[in-house]
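K.L.:
What follows is the file input-v1.pdb, containing PDB, N, CA and C atoms:
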```pdb
ATOM      1  N   MET A   1       5.623  -4.340 -45.578
ATOM      2  CA  MET A   1       6.505  -5.354 -46.097
ATOM      3  C   MET A   1       7.529  -4.672 -47.000
ATOM      4  N   SER A   2       8.759  -5.015 -46.797
ATOM      5  CA  SER A   2       9.804  -4.457 -47.639
ATOM      6  C   SER A   2      10.463  -5.573 -48.445
ATOM      7  N   TYR A   3      11.215  -5.162 -49.423
ATOM      8  CA  TYR A   3      11.935  -6.123 -50.255
ATOM      9  C   TYR A   3      12.952  -6.883 -49.407
ATOM     10  N   ALA A   4      13.585  -6.198 -48.460
ATOM     11  CA  ALA A   4      14.572  -6.847 -47.595
ATOM     12  C   ALA A   4      13.917  -7.933 -46.741
ATOM     13  N   ASP A   5      12.704  -7.673 -46.241
ATOM     14  CA  ASP A   5      11.987  -8.676 -45.453
ATOM     15  C   ASP A   5      11.680  -9.913 -46.301
ATOM     16  N   LEU A   6      11.262  -9.687 -47.518
ATOM     17  CA  LEU A   6      10.955 -10.796 -48.413
ATOM     18  C   LEU A   6      12.209 -11.599 -48.755
ATOM     19  N   ARG A   7      13.308 -10.922 -49.017
ATOM     20  CA  ARG A   7      14.570 -11.609 -49.314
ATOM     21  C   ARG A   7      15.047 -12.420 -48.107
ATOM     22  N   GLU A   8      14.876 -11.875 -46.900
ATOM     23  CA  GLU A   8      15.262 -12.599 -45.686
ATOM     24  C   GLU A   8      14.444 -13.879 -45.549
ATOM     25  N   LEU A   9      13.159 -13.795 -45.812
ATOM     26  CA  LEU A   9      12.303 -14.981 -45.750
ATOM     27  C   LEU A   9      12.741 -16.027 -46.776
ATOM     28  N   GLN A  10      12.964 -15.588 -47.999
ATOM     29  CA  GLN A  10      13.385 -16.518 -49.049
ATOM     30  C   GLN A  10      14.724 -17.172 -48.712
ATOM     31  N   SER A  11      15.641 -16.392 -48.190
ATOM     32  CA  SER A  11      16.949 -16.923 -47.825
ATOM     33  C   SER A  11      16.836 -17.953 -46.704
ATOM     34  N   ALA A  12      16.045 -17.636 -45.695
ATOM     35  CA  ALA A  12      15.879 -18.562 -44.568
ATOM     36  C   ALA A  12      15.201 -19.851 -45.009
ATOM     37  N   LEU A  13      14.199 -19.752 -45.875
ATOM     38  CA  LEU A  13      13.523 -20.953 -46.366
ATOM     39  C   LEU A  13      14.440 -21.799 -47.247
ATOM     40  N   ASN A  14      15.247 -21.139 -48.076
ATOM     41  CA  ASN A  14      16.207 -21.888 -48.902
ATOM     42  C   ASN A  14      17.231 -22.609 -48.037
ATOM     43  N   THR A  15      17.710 -21.926 -47.004
ATOM     44  CA  THR A  15      18.670 -22.553 -46.094
ATOM     45  C   THR A  15      18.046 -23.751 -45.396
ATOM     46  N   ALA A  16      16.823 -23.579 -44.886
ATOM     47  CA  ALA A  16      16.132 -24.680 -44.203
ATOM     48  C   ALA A  16      15.900 -25.846 -45.158
ATOM     49  N   SER A  17      15.536 -25.539 -46.385
ATOM     50  CA  SER A  17      15.305 -26.583 -47.379
ATOM     51  C   SER A  17      16.593 -27.340 -47.688
ATOM     52  N   ASP A  18      17.684 -26.609 -47.864
ATOM     53  CA  ASP A  18      18.971 -27.258 -48.142
ATOM     54  C   ASP A  18      19.376 -28.184 -47.000
ATOM     55  N   ILE A  19      19.200 -27.715 -45.785
ATOM     56  CA  ILE A  19      19.561 -28.538 -44.623
ATOM     57  C   ILE A  19      18.665 -29.764 -44.547
ATOM     58  N   ALA A  20      17.354 -29.573 -44.734
ATOM     59  CA  ALA A  20      16.401 -30.683 -44.616
ATOM     60  C   ALA A  20      16.662 -31.761 -45.655
ATOM     61  N   PHE A  21      16.960 -31.370 -46.897
ATOM     62  CA  PHE A  21      17.180 -32.369 -47.949
ATOM     63  C   PHE A  21      18.539 -33.039 -47.850
ATOM     64  N   SER A  22      19.450 -32.466 -47.080
ATOM     65  CA  SER A  22      20.761 -33.103 -46.914
ATOM     66  C   SER A  22      20.817 -34.000 -45.672
ATOM     67  N   LEU A  23      19.739 -34.056 -44.906
ATOM     68  CA  LEU A  23      19.723 -34.871 -43.685
ATOM     69  C   LEU A  23      19.689 -36.357 -44.016
ATOM     70  N   ASP A  24      20.340 -37.111 -43.144
ATOM     71  CA  ASP A  24      20.270 -38.565 -43.239
ATOM     72  C   ASP A  24      19.043 -39.036 -42.466
ATOM     73  N   ALA A  25      18.865 -40.327 -42.413
ATOM     74  CA  ALA A  25      17.735 -40.893 -41.673
ATOM     75  C   ALA A  25      17.784 -40.509 -40.203
ATOM     76  N   ALA A  26      18.988 -40.421 -39.648
ATOM     77  CA  ALA A  26      19.143 -40.050 -38.234
ATOM     78  C   ALA A  26      20.068 -38.838 -38.162
ATOM     79  N   PRO A  27      19.520 -37.628 -38.196
ATOM     80  CA  PRO A  27      20.378 -36.436 -38.177
ATOM     81  C   PRO A  27      21.077 -36.275 -36.825
ATOM     82  N   SER A  28      22.247 -35.686 -36.887
ATOM     83  CA  SER A  28      22.990 -35.417 -35.648
ATOM     84  C   SER A  28      22.319 -34.250 -34.915
ATOM     85  N   PRO A  29      22.580 -34.106 -33.637
ATOM     86  CA  PRO A  29      22.014 -32.968 -32.902
ATOM     87  C   PRO A  29      22.431 -31.622 -33.509
ATOM     88  N   HIS A  30      23.652 -31.550 -34.025
ATOM     89  CA  HIS A  30      24.119 -30.310 -34.652
ATOM     90  C   HIS A  30      23.294 -29.981 -35.903
ATOM     91  N   GLU A  31      23.019 -30.983 -36.727
ATOM     92  CA  GLU A  31      22.209 -30.774 -37.932
ATOM     93  C   GLU A  31      20.780 -30.365 -37.569
ATOM     94  N   ALA A  32      20.241 -31.003 -36.545
ATOM     95  CA  ALA A  32      18.886 -30.664 -36.106
ATOM     96  C   ALA A  32      18.841 -29.226 -35.575
ATOM     97  N   ASP A  33      19.883 -28.806 -34.866
ATOM     98  CA  ASP A  33      19.948 -27.426 -34.367
ATOM     99  C   ASP A  33      20.053 -26.428 -35.513
ATOM    100  N   GLN A  34      20.837 -26.771 -36.533
ATOM    101  CA  GLN A  34      20.954 -25.888 -37.699
ATOM    102  C   GLN A  34      19.607 -25.719 -38.397
ATOM    103  N   LEU A  35      18.896 -26.822 -38.558
ATOM    104  CA  LEU A  35      17.581 -26.765 -39.192
ATOM    105  C   LEU A  35      16.617 -25.946 -38.351
ATOM    106  N   LEU A  36      16.638 -26.154 -37.068
ATOM    107  CA  LEU A  36      15.761 -25.410 -36.172
ATOM    108  C   LEU A  36      16.062 -23.914 -36.218
ATOM    109  N   ASP A  37      17.329 -23.543 -36.247
ATOM    110  CA  ASP A  37      17.708 -22.125 -36.342
ATOM    111  C   ASP A  37      17.218 -21.510 -37.654
ATOM    112  N   ALA A  38      17.369 -22.243 -38.756
ATOM    113  CA  ALA A  38      16.914 -21.731 -40.052
ATOM    114  C   ALA A  38      15.396 -21.570 -40.081
ATOM    115  N   LEU A  39      14.684 -22.506 -39.483
ATOM    116  CA  LEU A  39      13.218 -22.408 -39.440
ATOM    117  C   LEU A  39      12.765 -21.258 -38.537
ATOM    118  N   ARG A  40      13.461 -21.043 -37.429
ATOM    119  CA  ARG A  40      13.132 -19.901 -36.560
ATOM    120  C   ARG A  40      13.369 -18.580 -37.293
ATOM    121  N   ARG A  41      14.461 -18.521 -38.040
ATOM    122  CA  ARG A  41      14.754 -17.319 -38.826
ATOM    123  C   ARG A  41      13.665 -17.084 -39.874
ATOM    124  N   ALA A  42      13.218 -18.165 -40.509
ATOM    125  CA  ALA A  42      12.138 -18.048 -41.504
ATOM    126  C   ALA A  42      10.838 -17.609 -40.839
ATOM    127  N   LEU A  43      10.540 -18.138 -39.664
ATOM    128  CA  LEU A  43       9.325 -17.757 -38.955
ATOM    129  C   LEU A  43       9.363 -16.285 -38.558
ATOM    130  N   ALA A  44      10.506 -15.817 -38.082
ATOM    131  CA  ALA A  44      10.644 -14.411 -37.716
ATOM    132  C   ALA A  44      10.490 -13.513 -38.943
ATOM    133  N   ALA A  45      11.067 -13.928 -40.061
ATOM    134  CA  ALA A  45      10.954 -13.145 -41.295
ATOM    135  C   ALA A  45       9.510 -13.123 -41.799
ATOM    136  N   ALA A  46       8.819 -14.248 -41.686
ATOM    137  CA  ALA A  46       7.413 -14.294 -42.101
ATOM    138  C   ALA A  46       6.566 -13.408 -41.192
ATOM    139  N   GLY A  47       6.882 -13.387 -39.925
ATOM    140  CA  GLY A  47       6.163 -12.512 -39.000
ATOM    141  C   GLY A  47       6.380 -11.049 -39.321
ATOM    142  N   ALA A  48       7.576 -10.699 -39.780
ATOM    143  CA  ALA A  48       7.867  -9.314 -40.151
ATOM    144  C   ALA A  48       7.073  -8.893 -41.379
ATOM    145  N   LEU A  49       6.760  -9.851 -42.260
ATOM    146  CA  LEU A  49       5.967  -9.515 -43.446
ATOM    147  C   LEU A  49       4.565  -9.079 -43.064
ATOM    148  N   GLY A  50       3.968  -9.783 -42.116
ATOM    149  CA  GLY A  50       2.614  -9.455 -41.692
ATOM    150  C   GLY A  50       2.550  -8.270 -40.763
ATOM    151  N   ALA A  51       3.682  -7.864 -40.222
ATOM    152  CA  ALA A  51       3.692  -6.752 -39.273
ATOM    153  C   ALA A  51       3.484  -5.414 -39.962
ATOM    154  N   GLY A  52       3.569  -5.362 -41.283
ATOM    155  CA  GLY A  52       3.436  -4.113 -42.006
ATOM    156  C   GLY A  52       2.074  -3.501 -41.947
ATOM    157  N   VAL A  53       1.041  -4.275 -41.652
ATOM    158  CA  VAL A  53      -0.311  -3.755 -41.610
ATOM    159  C   VAL A  53      -0.749  -3.668 -40.159
ATOM    160  N   GLY A  54      -0.899  -2.468 -39.659
ATOM    161  CA  GLY A  54      -1.321  -2.260 -38.282
ATOM    162  C   GLY A  54      -2.751  -1.750 -38.231
ATOM    163  N   ALA A  55      -3.085  -1.102 -37.141
ATOM    164  CA  ALA A  55      -4.434  -0.590 -36.940
ATOM    165  C   ALA A  55      -4.791   0.495 -37.946
ATOM    166  N   THR A  56      -3.771   1.199 -38.448
ATOM    167  CA  THR A  56      -4.046   2.276 -39.391
ATOM    168  C   THR A  56      -4.310   1.762 -40.799
ATOM    169  N   GLY A  57      -3.800   0.571 -41.127
ATOM    170  CA  GLY A  57      -3.920   0.057 -42.481
ATOM    171  C   GLY A  57      -3.012   0.790 -43.450
ATOM    172  N   CYS A  58      -2.061   1.549 -42.914
ATOM    173  CA  CYS A  58      -1.173   2.385 -43.722
ATOM    174  C   CYS A  58       0.177   1.701 -43.870
ATOM    175  N   ALA A  59       0.667   1.591 -45.100
ATOM    176  CA  ALA A  59       1.965   0.966 -45.333
ATOM    177  C   ALA A  59       3.107   1.848 -44.833
ATOM    178  N   GLU A  60       2.913   3.155 -44.851
ATOM    179  CA  GLU A  60       3.958   4.090 -44.429
ATOM    180  C   GLU A  60       4.025   4.226 -42.908
ATOM    181  N   HIS A  61       2.872   4.192 -42.239
ATOM    182  CA  HIS A  61       2.800   4.353 -40.776
ATOM    183  C   HIS A  61       1.941   3.236 -40.166
ATOM    184  N   PRO A  62       2.366   1.982 -40.269
ATOM    185  CA  PRO A  62       1.517   0.875 -39.803
ATOM    186  C   PRO A  62       1.226   0.914 -38.303
ATOM    187  N   LYS A  63       2.135   1.462 -37.537
ATOM    188  CA  LYS A  63       1.929   1.522 -36.093
ATOM    189  C   LYS A  63       1.630   2.946 -35.627
ATOM    190  N   GLY A  64       1.234   3.787 -36.563
ATOM    191  CA  GLY A  64       0.930   5.178 -36.247
ATOM    192  C   GLY A  64      -0.427   5.316 -35.578
ATOM    193  N   PRO A  65      -0.775   6.555 -35.210
ATOM    194  CA  PRO A  65      -2.063   6.790 -34.558
ATOM    195  C   PRO A  65      -3.224   6.711 -35.553
ATOM    196  N   VAL A  66      -4.354   6.283 -35.049
ATOM    197  CA  VAL A  66      -5.568   6.201 -35.863
ATOM    198  C   VAL A  66      -6.291   7.547 -35.780
ATOM    199  N   ASP A  67      -6.740   8.044 -36.918
ATOM    200  CA  ASP A  67      -7.470   9.311 -36.973
ATOM    201  C   ASP A  67      -8.766   9.169 -36.180
ATOM    202  N   PRO A  68      -9.013  10.058 -35.214
ATOM    203  CA  PRO A  68     -10.236   9.941 -34.417
ATOM    204  C   PRO A  68     -11.510  10.131 -35.239
ATOM    205  N   LEU A  69     -11.409  10.748 -36.400
ATOM    206  CA  LEU A  69     -12.583  10.936 -37.247
ATOM    207  C   LEU A  69     -12.877   9.720 -38.122
ATOM    208  N   ALA A  70     -11.970   8.756 -38.124
ATOM    209  CA  ALA A  70     -12.200   7.543 -38.923
ATOM    210  C   ALA A  70     -13.399   6.801 -38.338
ATOM    211  N   GLY A  71     -14.409   6.594 -39.136
ATOM    212  CA  GLY A  71     -15.609   5.895 -38.691
ATOM    213  C   GLY A  71     -16.654   6.805 -38.052
ATOM    214  N   ASP A  72     -16.387   8.110 -37.982
ATOM    215  CA  ASP A  72     -17.348   9.054 -37.401
ATOM    216  C   ASP A  72     -18.454   9.319 -38.424
ATOM    217  N   ARG A  73     -19.688   8.961 -38.075
ATOM    218  CA  ARG A  73     -20.802   9.120 -39.025
ATOM    219  C   ARG A  73     -21.224  10.583 -39.176
ATOM    220  N   GLU A  74     -21.056  11.377 -38.133
ATOM    221  CA  GLU A  74     -21.478  12.779 -38.193
ATOM    222  C   GLU A  74     -20.486  13.660 -38.938
ATOM    223  N   ASP A  75     -19.201  13.336 -38.851
ATOM    224  CA  ASP A  75     -18.154  14.120 -39.517
ATOM    225  C   ASP A  75     -17.201  13.155 -40.212
ATOM    226  N   PRO A  76     -17.653  12.517 -41.311
ATOM    227  CA  PRO A  76     -16.836  11.487 -41.955
ATOM    228  C   PRO A  76     -15.627  12.074 -42.674
ATOM    229  N   LEU A  77     -14.641  11.238 -42.863
ATOM    230  CA  LEU A  77     -13.467  11.619 -43.641
ATOM    231  C   LEU A  77     -13.840  11.654 -45.117
ATOM    232  N   PRO A  78     -13.133  12.452 -45.904
ATOM    233  CA  PRO A  78     -13.404  12.469 -47.351
ATOM    234  C   PRO A  78     -13.181  11.097 -47.968
ATOM    235  N   PRO A  79     -13.848  10.805 -49.068
ATOM    236  CA  PRO A  79     -13.669   9.507 -49.740
ATOM    237  C   PRO A  79     -12.209   9.284 -50.128
ATOM    238  N   GLY A  80     -11.748   8.069 -49.912
ATOM    239  CA  GLY A  80     -10.387   7.708 -50.269
ATOM    240  C   GLY A  80      -9.373   7.902 -49.155
ATOM    241  N   TRP A  81      -9.762   8.549 -48.076
ATOM    242  CA  TRP A  81      -8.842   8.742 -46.967
ATOM    243  C   TRP A  81      -8.851   7.498 -46.106
ATOM    244  N   GLY A  82      -7.694   7.159 -45.546
ATOM    245  CA  GLY A  82      -7.574   5.994 -44.684
ATOM    246  C   GLY A  82      -7.752   6.344 -43.222
ATOM    247  N   ARG A  83      -7.309   5.440 -42.368
ATOM    248  CA  ARG A  83      -7.444   5.622 -40.926
ATOM    249  C   ARG A  83      -6.201   6.242 -40.287
ATOM    250  N   CYS A  84      -5.125   6.447 -41.039
ATOM    251  CA  CYS A  84      -3.854   6.944 -40.504
ATOM    252  C   CYS A  84      -3.942   8.446 -40.229
ATOM    253  N   LEU A  85      -3.772   8.820 -38.970
ATOM    254  CA  LEU A  85      -3.829  10.230 -38.580
ATOM    255  C   LEU A  85      -2.705  11.026 -39.230
ATOM    256  N   LEU A  86      -1.515  10.448 -39.335
ATOM    257  CA  LEU A  86      -0.378  11.173 -39.906
ATOM    258  C   LEU A  86      -0.603  11.501 -41.383
ATOM    259  N   CYS A  87      -1.083  10.532 -42.140
ATOM    260  CA  CYS A  87      -1.356  10.775 -43.568
ATOM    261  C   CYS A  87      -2.526  11.743 -43.743
ATOM    262  N   ASN A  88      -3.564  11.574 -42.929
ATOM    263  CA  ASN A  88      -4.719  12.458 -43.044
ATOM    264  C   ASN A  88      -4.359  13.884 -42.650
ATOM    265  N   ASP A  89      -3.504  14.052 -41.647
ATOM    266  CA  ASP A  89      -3.060  15.390 -41.257
ATOM    267  C   ASP A  89      -2.267  16.029 -42.388
ATOM    268  N   ARG A  90      -1.429  15.229 -43.047
ATOM    269  CA  ARG A  90      -0.670  15.738 -44.196
ATOM    270  C   ARG A  90      -1.632  16.168 -45.304
ATOM    271  N   ARG A  91      -2.698  15.402 -45.531
ATOM    272  CA  ARG A  91      -3.691  15.782 -46.541
ATOM    273  C   ARG A  91      -4.409  17.067 -46.141
ATOM    274  N   ARG A  92      -4.748  17.189 -44.851
ATOM    275  CA  ARG A  92      -5.422  18.405 -44.379
ATOM    276  C   ARG A  92      -4.535  19.630 -44.570
ATOM    277  N   ARG A  93      -3.258  19.504 -44.229
ATOM    278  CA  ARG A  93      -2.329  20.633 -44.376
ATOM    279  C   ARG A  93      -2.148  21.011 -45.846
ATOM    280  N   ALA A  94      -2.036  20.023 -46.716
ATOM    281  CA  ALA A  94      -1.882  20.304 -48.143
ATOM    282  C   ALA A  94      -3.126  20.997 -48.686
ATOM    283  N   GLY A  95      -4.299  20.558 -48.253
ATOM    284  CA  GLY A  95      -5.537  21.209 -48.696
ATOM    285  C   GLY A  95      -5.632  22.635 -48.200
ATOM    286  N   ALA A  96      -5.196  22.890 -46.975
ATOM    287  CA  ALA A  96      -5.221  24.243 -46.426
ATOM    288  C   ALA A  96      -4.250  25.149 -47.171
ATOM    289  N   GLN A  97      -3.090  24.634 -47.540
ATOM    290  CA  GLN A  97      -2.129  25.436 -48.292
ATOM    291  C   GLN A  97      -2.660  25.781 -49.676
ATOM    292  N   ARG A  98      -3.364  24.831 -50.306
ATOM    293  CA  ARG A  98      -3.937  25.109 -51.625
ATOM    294  C   ARG A  98      -4.995  26.204 -51.534
ATOM    295  N   ARG A  99      -5.713  26.231 -50.415
ATOM    296  CA  ARG A  99      -6.742  27.261 -50.246
ATOM    297  C   ARG A  99      -6.167  28.568 -49.733
ATOM    298  N   GLY A 100      -4.854  28.629 -49.446
ATOM    299  CA  GLY A 100      -4.213  29.865 -49.008
ATOM    300  C   GLY A 100      -4.183  30.034 -47.502
ATOM    301  N   TRP A 101      -4.552  29.020 -46.742
ATOM    302  CA  TRP A 101      -4.485  29.098 -45.287
ATOM    303  C   TRP A 101      -3.107  28.664 -44.856
ATOM    304  N   ARG A 102      -2.740  28.973 -43.647
ATOM    305  CA  ARG A 102      -1.440  28.493 -43.140
ATOM    306  C   ARG A 102      -1.592  27.806 -41.861
TER     307      ARG A 102
END
```
Reformat the file's structure so that it appears as structure tokens.

P.N.:
Amino acid sequence: MSYADLRELQSALNTASDIAFSLDAAPSPHEADQLLDALRRALAAAGALGAGVGATGCAEHPKGPVDPLAGDREDPLPPGWGRCLLCNDRRRRAGAQRRGWR
């Protein structure tokens, strides 16, 4: 989830609210279409908020690959490591550099 996604959702909901409260008892087809467009925009923005969490559970790489060692009982990942292969690989490389390996 990014700040831009949240702002888009808020903007779409405000627009839909403004249109809905300005409607008469019998809205014109144009007004109904405007409201429908604003609600669709809000729905798409809300969907983008939830899209940030994928199989990896990583905010940086939500659609990235899952580490094959995640959940392995015989060779578990160190405590605090997530399921994201990209982040875990970066941690492995940093640990190897600290130990003097390349």

K.L.:
Would you mind listing what lies within 6.5 Å of Leu86 (chain A) as a ChimeraX atom specification, with all atoms listed in the file counted and same-chain residues fewer than 5 positions away left out?

P.N.:
/A:64-65,67,91

K.L.:
State, in Å with one decimal place, the distance from atom N of Ala42 (chain A) to atom C of Arg7 (chain A).

P.N.:
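Separating atom N of Ala42 (chain A) from atom C of Arg7 (chain A) is a distance of 9.7 Å.
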
K.L.:
Closest to Thr56 (chain A) among A:Arg83, A:Arg40, A:Arg73, A:His30, using only C-alpha atoms?

P.N.:
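Of A:Arg83, A:Arg40, A:Arg73, A:His30, the one nearest Thr56 (chain A) is A:Arg83, counting only C-alpha atoms.
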
K.L.:
When distances are computed from only C-alpha atoms, which of A:Gly82, A:Ala44, A:Ala25, A:Gln34 shows the smallest separation from His61 (chain A)?

P.N.:
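For His61 (chain A), the nearest of the candidates is A:Gly82.
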
K.L.:
Just want the 8 Å neighbourhood of Leu9 (chain A), counted on all atoms listed in the file, with same-chain residues fewer than 3 positions away dropped. Output as a list in words.

P.N.:
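After dropping sequence-adjacent residues, the list is Tyr3, Ala4, Asp5, Leu6, Ala12, Leu13, Asn14, Thr15, Arg41, Ala42, Leu43, Ala44, Ala45 and Ala46 of chain A.
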